[in-house]
Structure formats: structure tokens, C-alpha cells
file protein-v4.cif (mmCIF, C-alpha atoms)
data_structure
loop_
_atom_site.label_atom_id
_atom_site.label_comp_id
_atom_site.auth_asym_id
_atom_site.auth_seq_id
_atom_site.Cartn_x
_atom_site.Cartn_y
_atom_site.Cartn_z
CA MET B 1 -122.71 -25.73 -120.09
CA THR B 2 -122.64 -29.50 -120.09
CA GLY B 3 -124.98 -31.45 -117.88
CA ASN B 4 -124.30 -33.35 -114.74
CA ILE B 5 -121.41 -35.43 -115.91
CA ILE B 6 -119.29 -35.26 -112.82
CA THR B 7 -118.77 -38.78 -111.68
CA TYR B 8 -116.74 -38.07 -108.60
CA PRO B 9 -117.44 -40.78 -106.12
CA TYR B 10 -118.55 -38.62 -103.27
CA GLN B 11 -120.01 -41.41 -101.18
CA ARG B 12 -117.24 -41.03 -98.64
CA LEU B 13 -118.32 -37.44 -98.05
CA ILE B 14 -121.85 -38.61 -97.52
CA ASN B 15 -120.89 -41.46 -95.20
CA ASN B 16 -118.81 -39.10 -93.09
CA LEU B 17 -121.62 -36.67 -92.46
CA PRO B 18 -122.41 -36.10 -88.81
CA LEU B 19 -125.01 -38.29 -87.13
CA THR B 20 -124.58 -41.11 -89.61
CA LYS B 21 -122.05 -42.83 -87.41
CA LEU B 22 -124.32 -42.51 -84.42
CA MET B 23 -126.94 -44.57 -86.18
CA VAL B 24 -124.78 -47.48 -87.29
CA THR B 25 -121.27 -48.67 -86.54
CA GLY B 26 -118.42 -47.88 -88.89
CA GLU B 27 -118.34 -51.55 -89.92
CA GLU B 28 -122.02 -51.60 -90.76
CA LEU B 29 -121.63 -48.39 -92.70
CA LYS B 30 -118.90 -49.92 -94.84
CA SER B 31 -121.11 -52.82 -95.80
CA MET B 32 -124.02 -50.59 -96.80
CA SER B 33 -124.81 -49.56 -100.36
CA PRO B 34 -125.14 -45.84 -101.18
CA GLU B 35 -128.90 -46.35 -101.41
CA GLU B 36 -129.01 -47.90 -97.95
CA VAL B 37 -126.98 -45.04 -96.49
CA ALA B 38 -129.33 -42.54 -98.13
CA GLU B 39 -132.35 -44.38 -96.75
CA LEU B 40 -130.87 -44.44 -93.26
CA GLN B 41 -129.99 -40.75 -93.33
CA LYS B 42 -133.36 -39.88 -94.74
CA LYS B 43 -135.28 -41.80 -92.10
CA ASN B 44 -133.46 -39.95 -89.36
CA CYS B 45 -133.29 -36.60 -91.08
CA ILE B 46 -134.84 -33.74 -89.16
CA PHE B 47 -134.87 -31.61 -92.30
CA CYS B 48 -136.88 -34.20 -94.21
CA HIS B 49 -139.34 -34.13 -91.32
CA ILE B 50 -139.48 -30.34 -91.54
CA ALA B 51 -140.02 -30.57 -95.31
CA SER B 52 -142.86 -33.03 -94.89
CA GLY B 53 -144.43 -30.96 -92.11
CA LYS B 54 -143.93 -33.58 -89.39
CA VAL B 55 -141.66 -31.21 -87.52
CA PRO B 56 -142.82 -27.59 -87.31
CA ALA B 57 -140.65 -24.72 -88.54
CA LYS B 58 -141.08 -21.03 -89.05
CA LYS B 59 -141.31 -21.03 -92.80
CA VAL B 60 -140.61 -17.94 -94.83
CA TYR B 61 -140.65 -19.38 -98.35
CA GLU B 62 -141.90 -22.55 -99.95
CA ASP B 63 -142.43 -23.89 -103.46
CA GLU B 64 -142.65 -27.39 -104.88
CA LYS B 65 -138.91 -27.95 -104.69
CA VAL B 66 -137.55 -25.99 -101.74
CA LEU B 67 -138.34 -24.67 -98.33
CA ALA B 68 -136.81 -21.80 -96.34
CA PHE B 69 -137.32 -21.30 -92.64
CA LEU B 70 -135.76 -19.59 -89.64
CA ASP B 71 -132.83 -21.42 -88.08
CA ILE B 72 -133.77 -22.08 -84.45
CA ASN B 73 -130.10 -21.64 -83.50
CA PRO B 74 -129.29 -18.61 -85.61
CA ALA B 75 -125.93 -16.93 -86.07
CA ALA B 76 -127.89 -13.68 -86.20
CA PRO B 77 -131.58 -12.81 -86.01
CA GLY B 78 -133.19 -13.71 -89.32
CA HIS B 79 -130.69 -16.48 -90.21
CA LEU B 80 -132.48 -18.61 -92.82
CA LEU B 81 -131.96 -22.18 -93.95
CA LEU B 82 -132.97 -23.09 -97.47
CA ILE B 83 -133.30 -26.82 -98.15
CA PRO B 84 -134.37 -29.04 -101.02
CA LYS B 85 -137.56 -30.83 -100.04
CA GLU B 86 -136.22 -34.06 -101.41
CA HIS B 87 -133.44 -35.60 -99.35
CA GLN B 88 -130.08 -34.68 -100.85
CA ALA B 89 -127.00 -34.97 -98.67
CA ILE B 90 -124.50 -32.77 -100.47
CA LEU B 91 -124.40 -30.24 -103.28
CA PRO B 92 -122.73 -32.47 -105.93
CA GLN B 93 -125.81 -34.72 -105.90
CA ILE B 94 -128.19 -31.95 -106.87
CA PRO B 95 -129.09 -31.51 -110.55
CA ASP B 96 -128.04 -28.23 -112.19
CA GLU B 97 -131.53 -26.86 -112.60
CA ASP B 98 -132.27 -27.39 -108.92
CA VAL B 99 -128.98 -25.77 -107.90
CA ALA B 100 -129.89 -22.82 -110.11
CA HIS B 101 -133.34 -22.62 -108.58
CA MET B 102 -132.03 -22.76 -105.02
CA PHE B 103 -129.61 -19.91 -105.57
CA ARG B 104 -132.19 -17.77 -107.34
CA VAL B 105 -134.36 -18.26 -104.28
CA SER B 106 -131.34 -17.44 -102.07
CA LYS B 107 -130.93 -14.13 -103.85
CA LYS B 108 -134.58 -13.35 -103.35
CA LEU B 109 -134.35 -14.23 -99.67
CA SER B 110 -131.18 -12.18 -99.27
CA ASN B 111 -132.98 -9.19 -100.81
CA MET B 112 -135.84 -9.73 -98.46
CA LEU B 113 -133.58 -9.80 -95.40
CA LEU B 114 -131.78 -6.62 -96.48
CA ARG B 115 -135.05 -4.81 -96.89
CA SER B 116 -137.12 -6.07 -94.04
CA LEU B 117 -134.46 -6.34 -91.33
CA GLN B 118 -132.45 -3.29 -92.41
CA VAL B 119 -129.22 -5.25 -92.16
CA LYS B 120 -126.00 -4.18 -93.88
CA GLY B 121 -125.08 -7.34 -95.72
CA THR B 122 -125.71 -11.05 -96.08
CA ASN B 123 -123.66 -14.20 -96.37
CA ILE B 124 -124.79 -17.01 -98.61
CA PHE B 125 -122.98 -19.96 -97.14
CA VAL B 126 -122.72 -23.64 -98.04
CA ALA B 127 -120.77 -26.25 -96.12
CA ASN B 128 -120.16 -29.30 -98.23
CA GLY B 129 -118.95 -32.23 -96.15
CA ALA B 130 -118.20 -32.61 -92.46
CA VAL B 131 -114.73 -31.03 -92.67
CA ALA B 132 -116.31 -27.90 -94.14
CA GLY B 133 -118.65 -27.64 -91.17
CA GLN B 134 -121.70 -29.47 -92.50
CA LYS B 135 -123.62 -30.56 -89.43
CA ALA B 136 -126.57 -32.46 -90.85
CA PRO B 137 -126.87 -35.03 -93.61
CA HIS B 138 -129.23 -32.83 -95.63
CA PHE B 139 -127.94 -30.18 -98.00
CA MET B 140 -128.77 -26.60 -97.06
CA ILE B 141 -127.91 -23.03 -97.92
CA HIS B 142 -127.46 -20.61 -95.05
CA ILE B 143 -128.56 -17.06 -95.65
CA ILE B 144 -127.21 -14.97 -92.84
CA PRO B 145 -128.07 -11.32 -92.23
CA ARG B 146 -125.00 -9.34 -91.18
CA SER B 147 -124.56 -6.27 -89.05
CA GLU B 148 -121.44 -4.56 -87.85
CA GLY B 149 -119.96 -6.11 -84.72
CA ASP B 150 -122.22 -9.16 -84.85
CA GLY B 151 -119.33 -11.44 -83.88
CA ILE B 152 -119.81 -13.81 -86.81
CA ASN B 153 -116.53 -15.00 -88.23
CA LEU B 154 -117.08 -15.59 -91.90
CA SER B 155 -114.45 -13.25 -93.24
CA LEU B 156 -111.93 -15.16 -95.26
CA PRO B 157 -108.34 -15.14 -94.04
CA GLU B 158 -105.79 -14.03 -96.62
CA ASN B 159 -102.81 -16.32 -96.65
CA GLU B 160 -99.65 -15.95 -98.64
CA ALA B 161 -99.43 -18.14 -101.70
CA THR B 162 -96.34 -18.34 -103.87
CA ALA B 163 -96.63 -18.31 -107.65
CA GLY B 164 -95.34 -21.86 -107.58
CA GLU B 165 -98.11 -23.02 -105.26
CA LEU B 166 -100.76 -21.34 -107.37
CA ASP B 167 -99.38 -22.90 -110.53
CA GLU B 168 -99.30 -26.29 -108.91
CA SER B 169 -102.97 -26.14 -107.92
CA ARG B 170 -103.93 -24.78 -111.30
CA ASN B 171 -102.04 -27.44 -113.19
CA LYS B 172 -103.77 -30.12 -111.17
CA MET B 173 -107.20 -28.71 -111.89
CA LEU B 174 -106.99 -27.57 -115.50
CA PRO B 175 -107.09 -30.92 -117.31
CA ARG B 176 -110.13 -31.97 -115.35
CA ILE B 177 -111.84 -28.62 -115.82
CA ARG B 178 -111.42 -28.90 -119.55
CA GLN B 179 -112.69 -32.43 -119.54
CA VAL B 180 -115.78 -31.66 -117.49
CA PHE B 181 -116.73 -28.62 -119.48
CA GLY B 182 -116.05 -30.22 -122.82
CA MET B 183 -113.25 -27.88 -123.69
CA PRO B 184 -110.47 -28.74 -126.08
CA GLY B 185 -108.62 -31.70 -124.82
CA GLY B 186 -111.60 -32.82 -122.80
CA GLY B 187 -113.62 -35.77 -123.87
CA GLU B 188 -116.87 -37.61 -123.59
CA SER B 189 -114.83 -40.27 -121.87
CA MET B 190 -116.29 -38.88 -118.66
CA GLU B 191 -119.66 -40.38 -119.22
CA ALA B 192 -118.25 -43.73 -120.12
CA GLU B 193 -116.31 -43.74 -116.91
CA PRO B 194 -118.05 -45.95 -114.38
CA ALA B 195 -119.19 -44.22 -111.23
CA ALA B 196 -117.53 -46.25 -108.53
CA PRO B 197 -118.60 -44.62 -105.33
CA ASP B 198 -116.81 -46.96 -103.01
CA GLU B 199 -113.39 -47.16 -104.51
CA GLY B 200 -113.31 -43.61 -105.61
CA GLY B 201 -112.38 -42.11 -102.29
CA LYS B 202 -109.02 -43.74 -102.56
CA ARG B 203 -108.55 -42.73 -106.12
CA ALA B 204 -109.11 -39.10 -105.28
CA GLU B 205 -106.40 -39.19 -102.70
CA GLU B 206 -103.87 -40.46 -105.13
CA HIS B 207 -103.19 -38.61 -108.31
CA PRO B 208 -106.38 -38.39 -110.26
CA ALA B 209 -105.27 -35.38 -112.24
CA GLU B 210 -102.32 -37.13 -113.75
CA GLU B 211 -104.34 -40.26 -114.18
CA ARG B 212 -106.82 -38.50 -116.38
CA ILE B 213 -104.68 -36.24 -118.45
CA GLU B 214 -104.08 -38.90 -121.06
CA THR B 215 -107.74 -39.47 -121.73
CA GLY B 216 -108.06 -35.76 -121.84
CA HIS B 217 -105.97 -34.69 -124.69
CA GLN B 218 -106.87 -36.33 -127.91
CA ASP B 219 -109.61 -34.59 -129.78
CA GLY B 220 -108.75 -30.98 -130.19
CA ASN B 221 -111.06 -28.18 -131.14
CA LYS B 222 -108.03 -26.11 -131.83
CA GLY B 223 -109.94 -22.94 -132.45
CA GLU B 224 -111.09 -22.84 -128.89
CA VAL B 225 -107.65 -23.33 -127.47
CA GLU B 226 -106.75 -19.83 -128.56
CA LYS B 227 -109.94 -18.37 -127.27
CA LEU B 228 -109.71 -19.98 -123.87
CA ASP B 229 -106.11 -19.10 -123.42
CA PHE B 230 -105.24 -21.71 -120.85
CA ASP B 231 -101.54 -21.06 -120.96
CA ALA B 232 -100.60 -23.40 -118.21
CA LEU B 233 -102.45 -26.29 -119.75
CA LYS B 234 -100.95 -25.68 -123.13
CA THR B 235 -97.52 -25.74 -121.61
CA LEU B 236 -98.40 -28.86 -119.74
CA LEU B 237 -99.71 -30.69 -122.77
CA GLU B 238 -97.08 -29.51 -125.18
CA GLY B 239 -94.38 -30.33 -122.72
CA LYS B 240 -95.43 -33.96 -122.63
CA MET N 1 -112.52 3.83 -111.30
CA LYS N 2 -110.92 0.54 -112.29
CA CYS N 3 -112.29 -2.68 -110.94
CA ARG N 4 -109.51 -5.09 -110.09
CA ILE N 5 -111.65 -8.09 -110.95
CA CYS N 6 -112.60 -6.68 -114.35
CA GLU N 7 -108.92 -5.97 -114.96
CA MET N 8 -108.06 -9.52 -114.06
CA MET N 9 -110.48 -10.85 -116.61
CA LYS N 10 -108.97 -8.71 -119.34
CA ASP N 11 -105.51 -9.71 -118.29
CA LYS N 12 -106.42 -13.43 -118.45
CA GLY N 13 -103.26 -14.44 -116.65
CA GLY N 14 -103.93 -17.41 -114.45
CA LEU N 15 -107.51 -18.06 -115.48
CA LEU N 16 -108.88 -21.44 -114.52
CA TYR N 17 -112.10 -21.27 -116.44
CA GLU N 18 -113.89 -18.92 -118.78
CA ASP N 19 -117.15 -18.81 -120.69
CA GLU N 20 -119.40 -16.07 -121.99
CA LYS N 21 -120.83 -15.19 -118.59
CA ALA N 22 -118.28 -16.13 -115.98
CA PHE N 23 -114.63 -16.72 -115.27
CA ALA N 24 -112.69 -18.34 -112.46
CA PHE N 25 -109.21 -17.90 -111.10
CA LEU N 26 -107.23 -18.90 -108.03
CA SER N 27 -107.15 -16.39 -105.22
CA ARG N 28 -103.67 -14.97 -104.76
CA ARG N 29 -104.49 -14.55 -101.08
CA PRO N 30 -106.22 -17.85 -100.49
CA ALA N 31 -108.22 -18.75 -97.40
CA ALA N 32 -106.99 -22.30 -98.09
CA PRO N 33 -104.87 -23.80 -100.88
CA GLY N 34 -106.87 -23.99 -104.10
CA HIS N 35 -109.29 -21.18 -103.11
CA ILE N 36 -111.19 -20.39 -106.32
CA MET N 37 -112.90 -17.11 -107.07
CA LEU N 38 -115.69 -17.37 -109.59
CA ALA N 39 -116.83 -14.02 -110.92
CA THR N 40 -119.29 -12.67 -113.45
CA LYS N 41 -117.88 -11.18 -116.63
CA GLU N 42 -120.30 -8.33 -116.40
CA HIS N 43 -119.49 -5.95 -113.58
CA TYR N 44 -122.18 -6.43 -110.93
CA PRO N 45 -121.23 -4.94 -107.58
CA ILE N 46 -123.49 -7.01 -105.33
CA LEU N 47 -125.68 -10.10 -105.43
CA GLU N 48 -128.82 -8.03 -105.86
CA ASN N 49 -127.51 -6.68 -109.16
CA VAL N 50 -126.89 -10.11 -110.67
CA PRO N 51 -129.70 -11.13 -113.05
CA ASP N 52 -131.36 -14.48 -112.50
CA ASP N 53 -130.04 -16.00 -115.70
CA VAL N 54 -126.50 -15.30 -114.51
CA ILE N 55 -127.29 -16.72 -111.07
CA SER N 56 -128.65 -19.83 -112.79
CA HIS N 57 -125.42 -20.16 -114.69
CA ILE N 58 -122.86 -19.38 -112.06
CA PHE N 59 -123.94 -21.57 -109.14
CA PRO N 60 -124.13 -24.89 -111.01
CA LEU N 61 -120.70 -23.90 -112.28
CA ALA N 62 -119.53 -23.29 -108.71
CA ASN N 63 -120.82 -26.74 -107.80
CA LYS N 64 -118.78 -28.35 -110.58
CA LEU N 65 -115.61 -26.44 -109.74
CA SER N 66 -116.07 -27.40 -106.11
CA THR N 67 -116.39 -31.06 -107.07
CA ILE N 68 -113.27 -30.76 -109.20
CA THR N 69 -111.31 -29.69 -106.11
CA PHE N 70 -112.37 -32.97 -104.46
CA GLU N 71 -111.06 -34.86 -107.42
CA THR N 72 -107.88 -33.04 -108.22
CA LEU N 73 -106.71 -31.37 -105.02
CA GLY N 74 -107.77 -34.08 -102.60
CA ALA N 75 -110.18 -31.75 -100.78
CA HIS N 76 -112.51 -33.52 -98.36
CA GLY N 77 -115.10 -30.80 -98.37
CA THR N 78 -115.72 -27.32 -99.69
CA ASN N 79 -117.27 -24.10 -98.57
CA ILE N 80 -119.10 -22.11 -101.18
CA MET N 81 -119.86 -18.62 -100.12
CA VAL N 82 -120.94 -15.20 -101.21
CA ASN N 83 -119.99 -12.24 -99.08
CA ASN N 84 -122.58 -9.69 -99.94
CA GLY N 85 -121.61 -6.24 -98.65
CA ILE N 86 -118.56 -5.06 -96.73
CA THR N 87 -120.16 -5.99 -93.44
CA ALA N 88 -120.41 -9.54 -94.75
CA GLY N 89 -116.73 -9.58 -95.72
CA GLN N 90 -116.96 -8.53 -99.37
CA LYS N 91 -113.57 -7.22 -100.42
CA GLU N 92 -113.98 -6.20 -104.06
CA PRO N 93 -116.85 -4.26 -105.60
CA HIS N 94 -117.52 -7.08 -108.05
CA PHE N 95 -119.83 -9.98 -107.31
CA MET N 96 -118.08 -13.30 -106.89
CA VAL N 97 -118.48 -16.74 -105.43
CA ASN N 98 -115.71 -18.14 -103.24
CA ILE N 99 -115.03 -21.86 -103.49
CA ILE N 100 -112.79 -23.02 -100.70
CA PRO N 101 -111.40 -26.55 -100.63
CA ARG N 102 -111.34 -27.94 -97.10
CA ARG N 103 -109.23 -30.60 -95.47
CA GLU N 104 -109.14 -32.14 -92.01
CA ASP N 105 -107.47 -29.84 -89.51
CA ASP N 106 -106.73 -27.14 -92.05
CA GLY N 107 -107.07 -24.58 -89.29
CA LEU N 108 -109.65 -22.55 -91.19
CA LYS N 109 -112.50 -21.43 -89.00
CA LEU N 110 -115.61 -20.20 -90.74
CA GLU N 111 -117.95 -20.29 -87.85
CA TRP N 112 -120.50 -18.66 -85.72
CA SER N 113 -121.73 -19.33 -82.22
CA PRO N 114 -125.36 -20.27 -82.56
CA LYS N 115 -127.51 -18.39 -80.11
CA LYS N 116 -130.77 -19.87 -79.02
CA PRO N 117 -133.12 -16.92 -78.94
CA PRO N 118 -136.37 -17.00 -76.98
CA GLU N 119 -139.35 -18.25 -78.95
CA SER N 120 -140.89 -14.79 -78.84
CA GLU N 121 -137.90 -13.32 -80.68
CA LEU N 122 -138.18 -15.93 -83.44
CA GLU N 123 -141.88 -15.19 -83.68
CA ASP N 124 -141.25 -11.47 -84.04
CA ILE N 125 -138.72 -11.98 -86.81
CA HIS N 126 -140.98 -14.49 -88.49
CA ALA N 127 -143.80 -11.98 -88.44
CA THR N 128 -141.57 -9.28 -89.92
CA LEU N 129 -140.30 -11.55 -92.68
CA GLY N 130 -143.67 -13.13 -93.27
CA ALA N 131 -145.21 -9.73 -93.82
CA SER N 132 -142.47 -8.77 -96.21
CA GLU N 133 -142.67 -12.05 -98.11
CA GLN N 134 -146.40 -11.72 -98.58
CA ALA N 135 -146.02 -8.19 -99.80
CA GLU N 136 -143.52 -9.44 -102.32
CA GLU N 137 -145.50 -12.41 -103.58
CA PRO N 138 -147.63 -10.73 -106.20
CA ALA N 139 -144.61 -9.00 -107.68
CA PRO N 140 -142.52 -11.56 -109.51
CA GLU N 141 -139.04 -11.20 -110.97
CA GLN N 142 -139.28 -8.19 -113.25
CA ALA N 143 -140.99 -6.07 -110.69
CA ASN N 144 -138.37 -6.97 -108.10
CA THR N 145 -135.56 -4.76 -109.26
CA GLU N 146 -137.77 -1.78 -109.50
CA GLU N 147 -139.32 -2.51 -106.21
CA ALA N 148 -135.92 -2.49 -104.62
CA LYS N 149 -135.18 0.89 -106.09
CA ASP N 150 -138.51 2.42 -105.35
CA GLU N 151 -139.24 1.15 -101.93
CA ASP N 152 -135.97 0.85 -100.20
CA PRO N 153 -133.06 2.61 -101.73
CA GLY N 154 -131.44 2.82 -98.30
CA ASP N 155 -130.00 -0.66 -97.98
CA LYS N 156 -128.96 -1.08 -101.51
CA ASP N 157 -127.26 2.27 -101.65
CA TYR N 158 -125.46 1.56 -98.46
CA LEU N 159 -124.06 -1.67 -99.90
CA LEU N 160 -123.06 0.00 -103.13
CA ASP N 161 -121.66 3.11 -101.53
CA SER N 162 -119.65 1.22 -99.00
CA LEU N 163 -118.19 -0.94 -101.75
CA ILE N 164 -117.26 2.01 -103.85
CA ARG N 165 -115.17 3.19 -100.94
CA ILE N 166 -113.03 0.06 -101.08
CA PRO N 167 -109.58 1.37 -102.00
#

call {"tool": "encode", "arguments": {"input": "protein-v4.cif", "output": "C-alpha cells"}}
result
Amino acid sequence: MTGNIITYPYQRLINNLPLTKLMVTGEELKSMSPEEVAELQKKNCIFCHIASGKVPAKKVYEDEKVLAFLDINPAAPGHLLLIPKEHQAILPQIPDEDVAHMFRVSKKLSNMLLRSLQVKGTNIFVANGAVAGQKAPHFMIHIIPRSEGDGINLSLPENEATAGELDESRNKMLPRIRQVFGMPGGGESMEAEPAAPDEGGKRAEEHPAEERIETGHQDGNKGEVEKLDFDALKTLLEGK
Amino acid sequence: MKCRICEMMKDKGGLLYEDEKAFAFLSRRPAAPGHIMLATKEHYPILENVPDDVISHIFPLANKLSTITFETLGAHGTNIMVNNGITAGQKEPHFMVNIIPRREDDGLKLEWSPKKPPESELEDIHATLGASEQAEEPAPEQANTEEAKDEDPGDKDYLLDSLIRIP
């Protein structure tokens, strides 16, 4: 898999995290650089204080990179929070190897909960961004022990989706997926693309998929096209 | 018994992404528009069965797909979740990661009411987990799978058995 080449300007997500707006006004926030926002969030981050030992927590796992401890406001007894020790606001900021490490640790912790608490299941849950329910400006993975009738609502609703709607979403995503993962039609253009955290929010709301298709479809490792079998994309590209 | 997820992989219709270890497709019964299911190619029923090298592959991948929904679907956030066991909402007997694009006021509620337990309760749990964690320490990765089989077949079998009953 290719490295961390995603350049999505996610600063808006970070700026919108809870608590940030309590510390500075919206105007001040706009004038701050990403580094300044990170510094502000870090200074006031309870999870950084837990990681550094300034604030006590009931730790259950610790290594040089991560720390897991009992949530003091648990969804269920044994609810664990796993955090990177270094201040990272959201998942897209975290390097691949650290993401991999955190989820390997999550699996281990989930196993431990199943065995030692005799629960019947676990949820591994990440909220990325305020609209997804992220409540602190420090990335964390929830590991939640589950029992029947525990009143936790994490079951996913099943909505109707028409074939047309599914195709639409897929067609929007495919060119970018191929680009990011270096598949046929994708390009190294990604890395050359300047990361523009501040303007990017707007760009994402417009039509980034369309915007990027052109860059996406020049060099073709044709052999892989067959193998990958992205029918919709082929149609899309050939139809152009 | 046929696994619907394994069948889907063979079928290849509607795939979003595929490599040697994993594949992704859009849920036909999405929790929110653009709901991606990222599954292992190998049939692993539950999280515990998934080897670490596959875990190390699939979650950075989930992160990238999640970011791509910000870029291409205008999502303002994402939930990434694993439902491990029927009790936790697992619907197919094949391990997968759900990536759910979120938007303001999308009406989706994935929530819990936090309960503030008395300090003594937290201490009890901490003691239970602490004891278990220490017991586990000297036995690193390889030993883990066996340990699970030897020491506590109960939980694991329950998860597997209950999944096998999924129609």
C-alpha cells in the first residue's frame, strides 16, 4: 500500500472539534495557523495530561506510543479508551504504522475484555470529527464491552439505497481511490499537490471528484485494469 | 454454508477497492449514504480470528477510505467501527470494518448514555483487567491464539456459534 499521501485539508475538521471554540473566538480561530490550533488544543487537552501522567487514569495498557485506560464515564463497565500519547486530533493525521499499531492493540484489548469480563461482544468505535460524535480534540479508539440488553445503541440502521444512489457514490469515489492507491489511472500527482489546509474545506464541498478525474487518467498500467475490475470507473473513463 | 461476504468478493460487482488482503464495497443497506464495508479476503468470522498482519493492513486502509469520503462525498466526519459479535451488532459471520460518512443533522444516532459509576466499581473492574493484563504480558502474539483456545473457549465459541446461526 502507498504511504501517507492523502492531502485532504482536514483542518476544518480539527478546528470544529469540541472545546476549541470555548478557548478562542471563531474570529481568532480563523486567523490561527494549523500549528497554533494544535498547540492550543494540546495545551488544554485532558488526554495529553493523562498521557503525561499529570492527570491520573486507571491504565490497563501502555507502551511507548499508546495508552489505554478505563473511561470514567463508560457506556458499559470496562469501556476502554485507547489514545496515542502524542497529541493527534483526528485519525487522518496519524501515520499508517501508528494506526496499525493502535488497532493491533485494540484487538488485544478486545480479547482481554471478552475473556476477563465474560462479555458477549465488543465494539471498536472511532468518531472522526464533531459531527461523528467526537467529543475531545484528541484522537481515541473506544473499545466497548457488550452484553445483551445493555441499552447501547451502536447497531447500524439499514436504510434503503437505490442502485442509482449507490452508483453515484461509487462513481464519485472511484477516481480518487485509484489515485490514492496508485492504481491504473491514478498518479503521483497527489504528492505534488500542495496541501492547502485552509482553502481545502471549500474545495471538498464543491466537486473534488470531477476536478481530479483529469489528472487521474493518463498513465495506464493496463494489465491491472483487468485485474481490478472497476467496471464503473472504466465506463466513466471510456465514456469521456 | 455460503458466506454472503465471500460470495460478494467472488462476484466483484460493485467493488470499490481490492487488493490481495482486503476488499471494499458500498453497503446496499447503508447506515448513511456512502457507507463502506471493508472486509478481509480470507474468511475470518470475528476480530479475534484476524491475524495481526491483516489488522495492520486493513485499518490504515480504512483510514484512507474514510478520508476519501471527506474529499469526494462531502462528508464532515466519519465513524469507523467494528461490531464484534451479534450482541455488538455484527450481522454477517465475516469480519469487516464499517466506514460511515457523517454529515450535520444526518439523523444517525450512534450513541450511548455515559454512566458515571462509583469509584469503587471502576476500581473493581480495573483490578480484574489489571490482573488479566499482567497474566497476558509474558505471552506475546503467537501464544495469544492458543491461550484463547486453551484457557477460555467459552467466549470465543459463543461468538462463533452465535454468528453461525445468522440466517

call {"tool": "interface_residues", "arguments": {"input": "protein-v4.cif", "of": "chain N", "to": "chain B", "cutoff": "6 Å", "atoms": "all atoms listed in the file", "output": "JSON, numbers by chain"}}
result
{"N": [29, 30, 31, 34, 56, 60, 71, 72, 74, 77, 78, 79, 80, 81, 82, 83, 84, 85, 87, 88, 89, 102, 104, 110, 111, 112, 114, 115, 116, 130]}

call {"tool": "atom_distance", "arguments": {"input": "protein-v4.cif", "atom1": "atom CA of N:Leu61", "atom2": "atom CA of B:Leu80"}}
result
23.4 Å

call {"tool": "atom_distance", "arguments": {"input": "protein-v4.cif", "atom1": "atom CA of B:Gly26", "atom2": "atom CA of B:Lys42"}}
result
17.9 Å

call {"tool": "atom_distance", "arguments": {"input": "protein-v4.cif", "atom1": "atom CA of N:Leu108", "atom2": "atom CA of N:His35"}}
result
12.0 Å

call {"tool": "resolve_selection", "arguments": {"input": "protein-v4.cif", "expression": "the PyMOL selection byres ((chain B and resi 35) around 12)", "output": "list in words"}}
result
Gln11, Ile14, Asn15, Leu29, Ser31, Met32, Ser33, Pro34, Glu36, Val37, Ala38, Glu39, Leu40, Gln41, Lys42, His87, Gln88, Ala89 and Pro197 of chain B

call {"tool": "build_atoms", "arguments": {"input": "protein-v4.cif", "residues": "stretch 167-180 of chain B", "atoms": "N, CA, C and O atoms", "output": "mmCIF file, keeping the file's coordinate frame"}}
result
data_model
loop_
_atom_site.group_PDB
_atom_site.id
_atom_site.type_symbol
_atom_site.label_atom_id
_atom_site.label_comp_id
_atom_site.auth_asym_id
_atom_site.auth_seq_id
_atom_site.Cartn_x
_atom_site.Cartn_y
_atom_site.Cartn_z
ATOM 1 N N ASP B 167 -99.530 -22.144 -109.285
ATOM 2 C CA ASP B 167 -99.380 -22.900 -110.530
ATOM 3 C C ASP B 167 -99.629 -24.375 -110.316
ATOM 4 O O ASP B 167 -100.248 -25.042 -111.140
ATOM 5 N N GLU B 168 -99.150 -24.867 -109.183
ATOM 6 C CA GLU B 168 -99.300 -26.290 -108.910
ATOM 7 C C GLU B 168 -100.789 -26.653 -108.826
ATOM 8 O O GLU B 168 -101.251 -27.606 -109.454
ATOM 9 N N SER B 169 -101.530 -25.870 -108.056
ATOM 10 C CA SER B 169 -102.970 -26.140 -107.920
ATOM 11 C C SER B 169 -103.660 -26.038 -109.277
ATOM 12 O O SER B 169 -104.498 -26.860 -109.642
ATOM 13 N N ARG B 170 -103.279 -25.017 -110.023
ATOM 14 C CA ARG B 170 -103.930 -24.780 -111.300
ATOM 15 C C ARG B 170 -103.646 -25.920 -112.290
ATOM 16 O O ARG B 170 -104.536 -26.400 -112.977
ATOM 17 N N ASN B 171 -102.405 -26.356 -112.288
ATOM 18 C CA ASN B 171 -102.040 -27.440 -113.190
ATOM 19 C C ASN B 171 -102.757 -28.747 -112.843
ATOM 20 O O ASN B 171 -103.041 -29.557 -113.713
ATOM 21 N N LYS B 172 -103.035 -28.922 -111.561
ATOM 22 C CA LYS B 172 -103.770 -30.120 -111.170
ATOM 23 C C LYS B 172 -105.214 -30.046 -111.631
ATOM 24 O O LYS B 172 -105.818 -31.040 -111.992
ATOM 25 N N MET B 173 -105.772 -28.843 -111.605
ATOM 26 C CA MET B 173 -107.200 -28.710 -111.890
ATOM 27 C C MET B 173 -107.520 -28.584 -113.382
ATOM 28 O O MET B 173 -108.557 -29.050 -113.839
ATOM 29 N N LEU B 174 -106.644 -27.930 -114.116
ATOM 30 C CA LEU B 174 -106.990 -27.570 -115.500
ATOM 31 C C LEU B 174 -107.415 -28.740 -116.391
ATOM 32 O O LEU B 174 -108.429 -28.636 -117.076
ATOM 33 N N PRO B 175 -106.672 -29.851 -116.396
ATOM 34 C CA PRO B 175 -107.090 -30.920 -117.310
ATOM 35 C C PRO B 175 -108.507 -31.393 -117.004
ATOM 36 O O PRO B 175 -109.297 -31.643 -117.916
ATOM 37 N N ARG B 176 -108.810 -31.498 -115.750
ATOM 38 C CA ARG B 176 -110.130 -31.970 -115.350
ATOM 39 C C ARG B 176 -111.215 -30.938 -115.681
ATOM 40 O O ARG B 176 -112.303 -31.279 -116.130
ATOM 41 N N ILE B 177 -110.886 -29.686 -115.492
ATOM 42 C CA ILE B 177 -111.840 -28.620 -115.820
ATOM 43 C C ILE B 177 -112.188 -28.680 -117.298
ATOM 44 O O ILE B 177 -113.346 -28.619 -117.689
ATOM 45 N N ARG B 178 -111.173 -28.859 -118.112
ATOM 46 C CA ARG B 178 -111.420 -28.900 -119.550
ATOM 47 C C ARG B 178 -112.241 -30.119 -119.931
ATOM 48 O O ARG B 178 -113.102 -30.060 -120.798
ATOM 49 N N GLN B 179 -111.982 -31.193 -119.261
ATOM 50 C CA GLN B 179 -112.690 -32.430 -119.540
ATOM 51 C C GLN B 179 -114.173 -32.287 -119.169
ATOM 52 O O GLN B 179 -115.060 -32.593 -119.953
ATOM 53 N N VAL B 180 -114.407 -31.782 -117.985
ATOM 54 C CA VAL B 180 -115.780 -31.660 -117.490
ATOM 55 C C VAL B 180 -116.597 -30.697 -118.336
ATOM 56 O O VAL B 180 -117.772 -30.936 -118.611
#
